[in-house]
>>> print(open('coords-v1.txt').read())   # compact mmCIF, C-alpha atoms and all ligand atoms
# COMPACT_ATOMS: atom_id res chain seq x y z
CA MET V 1 27.65 -13.16 0.61
CA GLY V 2 25.74 -11.32 -2.09
CA LEU V 3 22.05 -10.99 -2.66
CA HIS V 4 20.61 -10.54 -6.13
CA PHE V 5 17.81 -8.00 -6.10
CA SER V 6 15.81 -5.79 -8.44
CA LYS V 7 14.65 -2.32 -7.56
CA TYR V 8 11.20 -1.24 -8.80
CA HIS V 9 8.97 1.70 -8.11
CA GLY V 10 5.26 2.38 -8.39
CA LEU V 11 4.78 6.16 -8.72
CA GLY V 12 7.95 6.75 -6.72
CA ASN V 13 7.01 4.33 -3.90
CA ASP V 14 10.17 2.22 -4.23
CA PHE V 15 10.96 -1.36 -3.31
CA ILE V 16 13.79 -3.88 -3.29
CA LEU V 17 12.42 -7.12 -4.78
CA VAL V 18 13.98 -10.41 -3.66
CA ASP V 19 13.64 -13.73 -5.51
CA ASN V 20 12.56 -15.93 -2.62
CA ARG V 21 10.69 -18.50 -4.74
CA HIS V 22 12.66 -21.50 -3.48
CA GLN V 23 12.39 -20.93 0.23
CA SER V 24 9.37 -20.25 2.42
CA LEU V 25 11.16 -17.92 4.87
CA PRO V 26 12.42 -14.46 3.81
CA LEU V 27 16.11 -14.46 2.81
CA LEU V 28 16.68 -11.29 4.87
CA THR V 29 16.15 -10.41 8.51
CA PRO V 30 14.28 -7.19 9.40
CA ALA V 31 17.65 -5.70 10.42
CA GLN V 32 19.13 -6.46 6.98
CA ALA V 33 16.03 -4.95 5.34
CA ILE V 34 16.47 -1.75 7.37
CA ALA V 35 20.12 -1.53 6.24
CA LEU V 36 19.29 -2.09 2.54
CA CYS V 37 16.47 0.50 2.61
CA ASP V 38 18.82 3.18 3.96
CA ARG V 39 19.07 5.92 1.32
CA ASN V 40 22.64 6.83 2.12
CA MET V 41 24.26 3.59 3.23
CA GLY V 42 22.05 1.09 1.41
CA ILE V 43 20.23 0.66 -1.90
CA GLY V 44 17.47 3.01 -0.74
CA ALA V 45 13.80 2.00 -0.67
CA ASP V 46 10.51 2.36 1.18
CA GLY V 47 10.44 -1.40 1.78
CA VAL V 48 11.68 -4.88 0.81
CA ILE V 49 9.35 -7.36 -0.93
CA PHE V 50 9.90 -11.10 -0.93
CA ALA V 51 8.44 -13.25 -3.74
CA LEU V 52 7.83 -16.52 -1.87
CA PRO V 53 6.30 -19.89 -2.87
CA GLY V 54 2.50 -19.84 -2.98
CA ALA V 55 0.45 -20.72 0.08
CA GLN V 56 -3.24 -21.67 0.23
CA ARG V 57 -3.34 -22.54 -3.50
CA ALA V 58 -2.02 -19.14 -4.58
CA ASP V 59 0.68 -18.92 -7.29
CA TYR V 60 3.02 -16.99 -4.97
CA THR V 61 3.13 -15.41 -1.53
CA MET V 62 4.19 -11.81 -0.93
CA ARG V 63 5.76 -10.59 2.29
CA ILE V 64 6.97 -7.04 2.91
CA PHE V 65 9.25 -5.40 5.41
CA ASN V 66 8.84 -1.63 5.79
CA ALA V 67 11.96 0.57 5.85
CA ASP V 68 11.81 0.42 9.67
CA GLY V 69 11.78 -3.40 9.70
CA SER V 70 8.09 -3.77 10.65
CA GLU V 71 5.91 -6.10 8.57
CA PRO V 72 2.70 -4.71 7.02
CA GLU V 73 -0.13 -6.97 5.86
CA MET V 74 -0.31 -5.57 2.34
CA CYS V 75 1.30 -3.23 -0.13
CA GLY V 76 -0.66 -1.92 -3.12
CA ASN V 77 2.14 -0.30 -5.10
CA GLY V 78 4.41 -3.15 -4.09
CA ILE V 79 2.16 -5.87 -5.49
CA ARG V 80 2.14 -4.16 -8.90
CA CYS V 81 5.96 -4.20 -8.75
CA MET V 82 5.87 -7.87 -7.73
CA ALA V 83 3.67 -8.77 -10.74
CA LYS V 84 6.22 -7.19 -13.12
CA TYR V 85 9.07 -8.87 -11.24
CA LEU V 86 7.41 -12.31 -11.49
CA GLU V 87 6.80 -11.77 -15.21
CA ALA V 88 10.53 -11.01 -15.65
CA LEU V 89 11.69 -13.97 -13.54
CA GLU V 90 9.41 -16.41 -15.38
CA THR V 91 10.41 -15.06 -18.80
CA GLU V 92 14.08 -15.43 -17.82
CA ALA V 93 13.39 -19.07 -16.82
CA GLY V 94 11.77 -19.79 -20.19
CA ILE V 95 8.24 -19.99 -18.78
CA ALA V 96 5.52 -18.10 -20.63
CA PRO V 97 4.14 -15.80 -17.92
CA PRO V 98 0.37 -15.69 -17.38
CA ASN V 99 -1.18 -12.21 -17.42
CA SER V 100 -2.56 -12.60 -13.93
CA TYR V 101 -1.23 -13.95 -10.62
CA LYS V 102 -2.97 -15.17 -7.49
CA ILE V 103 -0.89 -13.84 -4.62
CA HIS V 104 -1.31 -14.81 -1.00
CA THR V 105 -0.73 -11.97 1.49
CA LEU V 106 -1.47 -11.34 5.15
CA ALA V 107 -4.50 -9.41 3.82
CA GLY V 108 -5.80 -12.47 1.93
CA LEU V 109 -5.74 -13.32 -1.78
CA ILE V 110 -4.79 -10.38 -4.02
CA VAL V 111 -4.86 -10.68 -7.84
CA PRO V 112 -2.77 -8.38 -10.07
CA THR V 113 -3.40 -8.48 -13.85
CA LEU V 114 -0.86 -7.14 -16.35
CA GLN V 115 -2.58 -4.96 -18.96
CA PRO V 116 -1.48 -4.71 -22.62
CA ASP V 117 -0.46 -1.05 -22.07
CA GLY V 118 1.99 -1.99 -19.30
CA GLN V 119 -0.23 -0.84 -16.44
CA ILE V 120 -1.29 -3.32 -13.75
CA THR V 121 -4.83 -3.66 -12.42
CA VAL V 122 -5.06 -5.23 -8.97
CA ASP V 123 -8.12 -6.81 -7.40
CA MET V 124 -7.43 -5.62 -3.86
CA GLY V 125 -10.36 -7.49 -2.28
CA GLU V 126 -12.91 -5.89 0.01
CA PRO V 127 -12.33 -2.95 2.37
CA ARG V 128 -12.90 -3.61 6.08
CA LEU V 129 -14.71 -0.91 8.00
CA LEU V 130 -15.33 -2.19 11.52
CA ALA V 131 -13.34 -0.33 14.19
CA GLN V 132 -11.91 -3.55 15.63
CA ASP V 133 -10.71 -4.60 12.16
CA ILE V 134 -8.76 -1.37 11.56
CA PRO V 135 -7.88 -1.64 14.52
CA THR V 136 -8.83 1.56 16.32
CA THR V 137 -10.39 2.47 19.63
CA LEU V 138 -12.19 5.49 18.11
CA ALA V 139 -15.83 5.57 19.20
CA ALA V 140 -18.19 4.33 16.52
CA SER V 141 -21.97 4.08 16.79
CA ASP V 142 -22.57 1.49 14.05
CA GLY V 143 -19.16 -0.15 14.44
CA LYS V 144 -17.61 2.02 11.71
CA VAL V 145 -15.44 5.12 12.05
CA VAL V 146 -16.82 7.65 9.57
CA SER V 147 -16.09 11.31 10.27
CA ARG V 148 -15.22 10.87 13.96
CA PRO V 149 -13.16 13.35 16.00
CA LEU V 150 -9.49 12.63 16.66
CA THR V 151 -7.40 15.02 18.74
CA VAL V 152 -3.82 15.45 17.56
CA SER V 153 -1.63 17.92 19.45
CA GLY V 154 -4.64 19.96 20.62
CA MET V 155 -6.37 20.07 17.19
CA THR V 156 -9.53 18.14 16.30
CA TYR V 157 -9.49 16.28 12.99
CA TRP V 158 -12.59 14.50 11.59
CA VAL V 159 -11.28 11.14 10.47
CA THR V 160 -12.59 8.09 8.61
CA CYS V 161 -10.87 4.72 9.07
CA VAL V 162 -10.57 1.93 6.50
CA SER V 163 -8.55 -1.28 6.48
CA MET V 164 -7.24 -2.68 3.20
CA GLY V 165 -5.65 -5.43 5.28
CA ASN V 166 -3.45 -2.65 6.67
CA PRO V 167 -4.81 0.29 8.68
CA HIS V 168 -5.60 3.72 7.23
CA CYS V 169 -6.86 6.96 8.78
CA ILE V 170 -8.24 9.49 6.28
CA THR V 171 -8.68 13.22 6.92
CA PHE V 172 -10.32 15.65 4.46
CA VAL V 173 -8.63 19.01 4.00
CA ASP V 174 -9.37 22.04 1.82
CA ASP V 175 -5.84 22.23 0.44
CA ILE V 176 -3.24 19.46 0.72
CA ALA V 177 -0.46 22.02 0.10
CA ALA V 178 -1.24 23.45 3.55
CA VAL V 179 -0.82 20.13 5.43
CA PRO V 180 2.25 20.11 7.73
CA LEU V 181 2.88 16.44 6.89
CA THR V 182 6.19 15.86 8.67
CA GLY V 183 4.85 17.56 11.79
CA ILE V 184 1.52 15.75 12.16
CA GLY V 185 2.23 12.53 10.21
CA PRO V 186 4.17 10.83 13.03
CA LEU V 187 1.56 11.95 15.59
CA PHE V 188 -1.23 10.27 13.59
CA GLU V 189 0.94 7.17 12.98
CA GLN V 190 1.65 6.68 16.68
CA HIS V 191 -1.63 7.97 18.12
CA GLU V 192 -2.92 5.86 21.03
CA ALA V 193 -6.21 5.35 19.16
CA PHE V 194 -4.32 3.00 16.78
CA PRO V 195 -2.80 0.03 18.60
CA GLN V 196 -1.09 -1.26 15.39
CA ARG V 197 -0.10 2.29 14.39
CA VAL V 198 -1.67 3.69 11.20
CA ASN V 199 -1.06 5.05 7.71
CA ALA V 200 -2.33 8.64 7.56
CA GLU V 201 -3.85 10.09 4.38
CA PHE V 202 -4.89 13.70 3.78
CA ILE V 203 -7.43 14.14 0.98
CA GLN V 204 -8.51 17.16 -1.03
CA VAL V 205 -11.68 16.47 -3.03
CA VAL V 206 -11.11 18.32 -6.31
CA ARG V 207 -14.13 16.85 -8.14
CA SER V 208 -16.44 13.89 -7.55
CA ASP V 209 -14.09 11.82 -9.75
CA TYR V 210 -10.75 13.37 -8.75
CA LEU V 211 -8.96 13.37 -5.37
CA LYS V 212 -5.56 14.68 -4.35
CA MET V 213 -3.77 12.82 -1.59
CA LEU V 214 -0.77 13.21 0.70
CA VAL V 215 0.37 10.23 2.72
CA TRP V 216 2.42 9.56 5.82
CA GLU V 217 3.13 5.83 5.86
CA ARG V 218 3.44 3.64 8.90
CA GLY V 219 7.03 2.48 9.08
CA ALA V 220 8.20 4.48 6.06
CA GLY V 221 7.24 8.16 6.56
CA PRO V 222 6.27 10.58 3.76
CA THR V 223 6.25 8.43 0.61
CA LEU V 224 5.44 9.59 -2.94
CA ALA V 225 2.54 7.14 -3.23
CA CYS V 226 0.60 4.49 -1.34
CA GLY V 227 -1.62 2.06 -3.23
CA THR V 228 -3.54 0.68 -0.27
CA GLY V 229 -3.86 4.29 0.95
CA ALA V 230 -5.37 5.45 -2.36
CA CYS V 231 -7.92 2.59 -2.19
CA ALA V 232 -8.76 3.41 1.43
CA ALA V 233 -9.08 7.11 0.52
CA LEU V 234 -11.60 6.39 -2.26
CA VAL V 235 -13.67 4.24 0.12
CA ALA V 236 -13.56 6.92 2.84
CA THR V 237 -14.60 9.62 0.37
CA VAL V 238 -17.54 7.53 -0.89
CA LEU V 239 -18.60 6.83 2.72
CA ASN V 240 -18.66 10.60 3.29
CA ASN V 241 -20.76 11.06 0.09
CA ARG V 242 -18.07 13.21 -1.49
CA CYS V 243 -17.05 11.22 -4.58
CA ASP V 244 -18.12 8.59 -7.11
CA ARG V 245 -17.22 4.91 -6.79
CA THR V 246 -14.66 5.38 -9.58
CA ALA V 247 -12.10 8.16 -9.30
CA THR V 248 -8.54 9.21 -10.01
CA VAL V 249 -6.38 9.64 -6.91
CA GLU V 250 -3.45 11.98 -7.59
CA LEU V 251 -0.43 11.33 -5.36
CA PRO V 252 2.86 13.25 -5.27
CA GLY V 253 4.32 10.51 -7.54
CA GLY V 254 1.41 10.49 -10.03
CA PRO V 255 -2.16 9.21 -10.51
CA LEU V 256 -3.85 5.89 -9.66
CA GLN V 257 -7.28 4.85 -10.95
CA ILE V 258 -9.45 3.35 -8.22
CA GLU V 259 -12.82 1.65 -8.55
CA TRP V 260 -14.99 0.29 -5.72
CA SER V 261 -17.31 -2.22 -7.40
CA ALA V 262 -20.93 -2.01 -6.25
CA ALA V 263 -21.47 -5.53 -7.63
CA ASP V 264 -18.99 -7.46 -5.47
CA ASN V 265 -17.62 -4.83 -3.03
CA HIS V 266 -14.05 -5.40 -4.35
CA ILE V 267 -11.64 -2.56 -5.01
CA HIS V 268 -9.68 -2.40 -8.26
CA MET V 269 -6.55 -0.28 -8.48
CA THR V 270 -4.77 0.49 -11.77
CA GLY V 271 -1.31 2.02 -12.04
CA PRO V 272 2.26 1.54 -13.26
CA ALA V 273 5.29 -0.36 -11.97
CA VAL V 274 8.77 0.32 -13.32
CA LEU V 275 12.06 -1.63 -13.13
CA VAL V 276 14.87 0.74 -12.12
CA PHE V 277 17.87 -1.60 -11.92
CA SER V 278 19.06 -5.01 -10.74
CA GLY V 279 22.20 -5.71 -8.76
CA LYS V 280 23.99 -7.67 -6.11
CA ALA V 281 23.97 -6.32 -2.56
CA VAL V 282 26.71 -7.00 -0.01
CA LEU V 283 25.18 -8.40 3.16
O1 LIG W 1 0.80 -0.45 6.24
C1 LIG W 1 1.98 -0.12 6.19
O2 LIG W 1 2.76 -0.27 7.14
C2 LIG W 1 2.48 0.49 4.88
N1 LIG W 1 3.66 1.28 5.10
C3 LIG W 1 2.75 -0.65 3.94
C4 LIG W 1 3.13 -0.22 2.56
C5 LIG W 1 1.94 0.29 1.77
C6 LIG W 1 2.31 0.71 0.38
N2 LIG W 1 2.89 2.01 0.31
C7 LIG W 1 1.14 0.64 -0.57
O3 LIG W 1 1.33 1.11 -1.70
O4 LIG W 1 0.11 0.08 -0.26
C8 LIG W 1 3.32 -0.17 -0.19
>>> encode(input="coords-v1.txt", output="structure tokens")
Amino acid sequence: MGLHFSKYHGLGNDFILVDNRHQSLPLLTPAQAIALCDRNMGIGADGVIFALPGAQRADYTMRIFNADGSEPEMCGNGIRCMAKYLEALETEAGIAPPNSYKIHTLAGLIVPTLQPDGQITVDMGEPRLLAQDIPTTLAASDGKVVSRPLTVSGMTYWVTCVSMGNPHCITFVDDIAAVPLTGIGPLFEQHEAFPQRVNAEFIQVVRSDYLKMLVWERGAGPTLACGTGACAALVATVLNNRCDRTATVELPGGPLQIEWSAADNHIHMTGPAVLVFSGKAVL
């Protein structure tokens, strides 16, 4: 049997998109997703995204399987790809696509808007800061984890934790080029302080409106970009009084614009999504 798919990427964070609009369960098992994400024996991707029928009055539902088969709550780069994919599917079906979609996710309602210049702005909702919402066992006086010590292989890192629906642990460094990402990334991801594992971001504050970020993703490893991670990083940097509420976050794959609205506490992320190719996979 064959499966029609499209491959998209957002700043090099790449996904296999599956048209799952006519069925409420994903067309693939986690094991099939692992096989298709394999970069040598599959299509190659950081994850698989299913465009499902809408739940709770949303237009559509998004579910994601990471390259290791685990299911995250949200995917910032992925939802920009999904907005472009939905626009293409609707156009193909003769429907005039709206410029904005209400998408139900395990992190709540997320709203991507297609901009005239081809970029996508996503209302990512509100960040969650309470330790039990990350979740993490790291000691927190006021319930939050802002600049708290975490010991990783004998070294103390001062970390700030933010949930964008999925868990993030942010560490500030003087120079991201000096971070031994493949050595410490897995140790952060699987640290006992994070019962659901964690996405680990390393941030260099270049200016109050410009951050550089390296990311080790839960279930996917060292990716070129992480949208939820860039949002979490901006929030963490603001909480540490080291940047403005609007900043550019430069990832290995390119820049994202992030804004944390003081008016409604929502985060807005703007960046690209690009169709690479479509095809039929052998299952
Ligand atoms: O939380 C996790 O397990 C992440 N690996 C999910 C994917 C996040 C993503 N890179 C993003 O851009 O937010 C897609």
>>> residues_around(input="coords-v1.txt", residues="range 3-13 of chain V", least_positions_apart="3", cutoff="10 Å", atoms="all atoms listed in the file", output="compact mmCIF listing (two decimals) with C-alpha atoms, in the coordinates of the input")
# COMPACT_ATOMS: atom_id res chain seq x y z
CA ILE V 16 13.79 -3.88 -3.29
CA LEU V 17 12.42 -7.12 -4.78
CA VAL V 18 13.98 -10.41 -3.66
CA ASP V 19 13.64 -13.73 -5.51
CA LEU V 27 16.11 -14.46 2.81
CA LEU V 28 16.68 -11.29 4.87
CA ILE V 43 20.23 0.66 -1.90
CA GLY V 44 17.47 3.01 -0.74
CA ALA V 45 13.80 2.00 -0.67
CA ASP V 46 10.51 2.36 1.18
CA GLY V 47 10.44 -1.40 1.78
CA VAL V 48 11.68 -4.88 0.81
CA ILE V 49 9.35 -7.36 -0.93
CA PHE V 50 9.90 -11.10 -0.93
CA GLY V 76 -0.66 -1.92 -3.12
CA ASN V 77 2.14 -0.30 -5.10
CA GLY V 78 4.41 -3.15 -4.09
CA ILE V 79 2.16 -5.87 -5.49
CA ARG V 80 2.14 -4.16 -8.90
CA CYS V 81 5.96 -4.20 -8.75
CA MET V 82 5.87 -7.87 -7.73
CA LYS V 84 6.22 -7.19 -13.12
CA TYR V 85 9.07 -8.87 -11.24
CA PRO V 222 6.27 10.58 3.76
CA THR V 223 6.25 8.43 0.61
CA LEU V 224 5.44 9.59 -2.94
CA ALA V 225 2.54 7.14 -3.23
CA CYS V 226 0.60 4.49 -1.34
CA GLY V 227 -1.62 2.06 -3.23
CA LEU V 251 -0.43 11.33 -5.36
CA PRO V 252 2.86 13.25 -5.27
CA GLY V 253 4.32 10.51 -7.54
CA GLY V 254 1.41 10.49 -10.03
CA PRO V 255 -2.16 9.21 -10.51
CA LEU V 256 -3.85 5.89 -9.66
CA GLY V 271 -1.31 2.02 -12.04
CA PRO V 272 2.26 1.54 -13.26
CA ALA V 273 5.29 -0.36 -11.97
CA VAL V 274 8.77 0.32 -13.32
CA LEU V 275 12.06 -1.63 -13.13
CA VAL V 276 14.87 0.74 -12.12
CA PHE V 277 17.87 -1.60 -11.92
CA SER V 278 19.06 -5.01 -10.74
CA GLY V 279 22.20 -5.71 -8.76
CA LYS V 280 23.99 -7.67 -6.11
CA ALA V 281 23.97 -6.32 -2.56
CA VAL V 282 26.71 -7.00 -0.01
CA LEU V 283 25.18 -8.40 3.16
>>> residues_around(input="coords-v1.txt", residues="Val198 in chain V", least_positions_apart="3", cutoff="6 Å", atoms="all atoms listed in the file", output="PyMOL selection string")
chain V and resi 167-168+189+218
>>> atom_distance(input="coords-v1.txt", atom1="CA of Thr113 in chain V", atom2="CA of Asp244 in chain V")
23.5 Å
>>> closest_residue(input="coords-v1.txt", among="V:Gln132, V:Phe15, V:Asn265, V:Thr270", to="Ala247 in chain V", atoms="all atoms listed in the file")
V:Thr270
>>> residues_around(input="coords-v1.txt", residues="Gln257 in chain V", least_positions_apart="3", cutoff="12 Å", atoms="all atoms listed in the file", output="VMD selection string")
chain V and resid 119 to 122 209 to 212 227 230 to 231 233 to 234 245 to 251 254 260 267 to 272
>>> write_last_selection(input="coords-v1.txt", atoms="C-alpha atoms", output="PDB file, in the coordinates of the input")
ATOM      1  CA  GLN V 119      -0.230  -0.840 -16.440  1.00  0.00           C
ATOM      2  CA  ILE V 120      -1.290  -3.320 -13.750  1.00  0.00           C
ATOM      3  CA  THR V 121      -4.830  -3.660 -12.420  1.00  0.00           C
ATOM      4  CA  VAL V 122      -5.060  -5.230  -8.970  1.00  0.00           C
ATOM      5  CA  ASP V 209     -14.090  11.820  -9.750  1.00  0.00           C
ATOM      6  CA  TYR V 210     -10.750  13.370  -8.750  1.00  0.00           C
ATOM      7  CA  LEU V 211      -8.960  13.370  -5.370  1.00  0.00           C
ATOM      8  CA  LYS V 212      -5.560  14.680  -4.350  1.00  0.00           C
ATOM      9  CA  GLY V 227      -1.620   2.060  -3.230  1.00  0.00           C
ATOM     10  CA  ALA V 230      -5.370   5.450  -2.360  1.00  0.00           C
ATOM     11  CA  CYS V 231      -7.920   2.590  -2.190  1.00  0.00           C
ATOM     12  CA  ALA V 233      -9.080   7.110   0.520  1.00  0.00           C
ATOM     13  CA  LEU V 234     -11.600   6.390  -2.260  1.00  0.00           C
ATOM     14  CA  ARG V 245     -17.220   4.910  -6.790  1.00  0.00           C
ATOM     15  CA  THR V 246     -14.660   5.380  -9.580  1.00  0.00           C
ATOM     16  CA  ALA V 247     -12.100   8.160  -9.300  1.00  0.00           C
ATOM     17  CA  THR V 248      -8.540   9.210 -10.010  1.00  0.00           C
ATOM     18  CA  VAL V 249      -6.380   9.640  -6.910  1.00  0.00           C
ATOM     19  CA  GLU V 250      -3.450  11.980  -7.590  1.00  0.00           C
ATOM     20  CA  LEU V 251      -0.430  11.330  -5.360  1.00  0.00           C
ATOM     21  CA  GLY V 254       1.410  10.490 -10.030  1.00  0.00           C
ATOM     22  CA  TRP V 260     -14.990   0.290  -5.720  1.00  0.00           C
ATOM     23  CA  ILE V 267     -11.640  -2.560  -5.010  1.00  0.00           C
ATOM     24  CA  HIS V 268      -9.680  -2.400  -8.260  1.00  0.00           C
ATOM     25  CA  MET V 269      -6.550  -0.280  -8.480  1.00  0.00           C
ATOM     26  CA  THR V 270      -4.770   0.490 -11.770  1.00  0.00           C
ATOM     27  CA  GLY V 271      -1.310   2.020 -12.040  1.00  0.00           C
ATOM     28  CA  PRO V 272       2.260   1.540 -13.260  1.00  0.00           C
TER      29      PRO V 272
END
>>> residues_around(input="coords-v1.txt", residues="Thr160 in chain V", least_positions_apart="5", cutoff="7 Å", atoms="only C-alpha atoms", output="PyMOL selection string")
chain V and resi 145-148+169-171+236
>>> atom_distance(input="coords-v1.txt", atom1="CA of Arg39 in chain V", atom2="CA of Gly219 in chain V")
14.7 Å
>>> atom_distance(input="coords-v1.txt", atom1="CA of Gly185 in chain V", atom2="CA of Ser163 in chain V")
17.9 Å
>>> closest_residue(input="coords-v1.txt", among="V:Pro135, V:Pro26, V:Pro149, V:Gly165", to="ligand LIG 1 (chain W)", atoms="only C-alpha atoms and all ligand atoms")
V:Gly165
>>> residues_around(input="coords-v1.txt", residues="range 98-108 of chain V", least_positions_apart="5", cutoff="10 Å", atoms="all atoms listed in the file", output="PyMOL selection string")
chain V and resi 51-64+71-75+79+82-84+86-87+90+113-116+120-126+163-166
>>> closest_residue(input="coords-v1.txt", among="V:Ala232, V:Leu129, V:Val152, V:Leu109", to="ligand LIG 1 (chain W)", atoms="all atoms listed in the file")
V:Ala232
>>> closest_residue(input="coords-v1.txt", among="V:Glu92, V:Glu192, V:Glu217, V:Asp264", to="Ala67 in chain V", atoms="all atoms listed in the file")
V:Glu217
>>> closest_residue(input="coords-v1.txt", among="V:Leu239, V:Val205, V:Ile134, V:Leu187", to="ligand LIG 1 (chain W)", atoms="all atoms listed in the file")
V:Ile134
>>> closest_residue(input="coords-v1.txt", among="V:Gly69, V:His266, V:Thr237, V:Thr91", to="ligand LIG 1 (chain W)", atoms="only C-alpha atoms and all ligand atoms")
V:Gly69
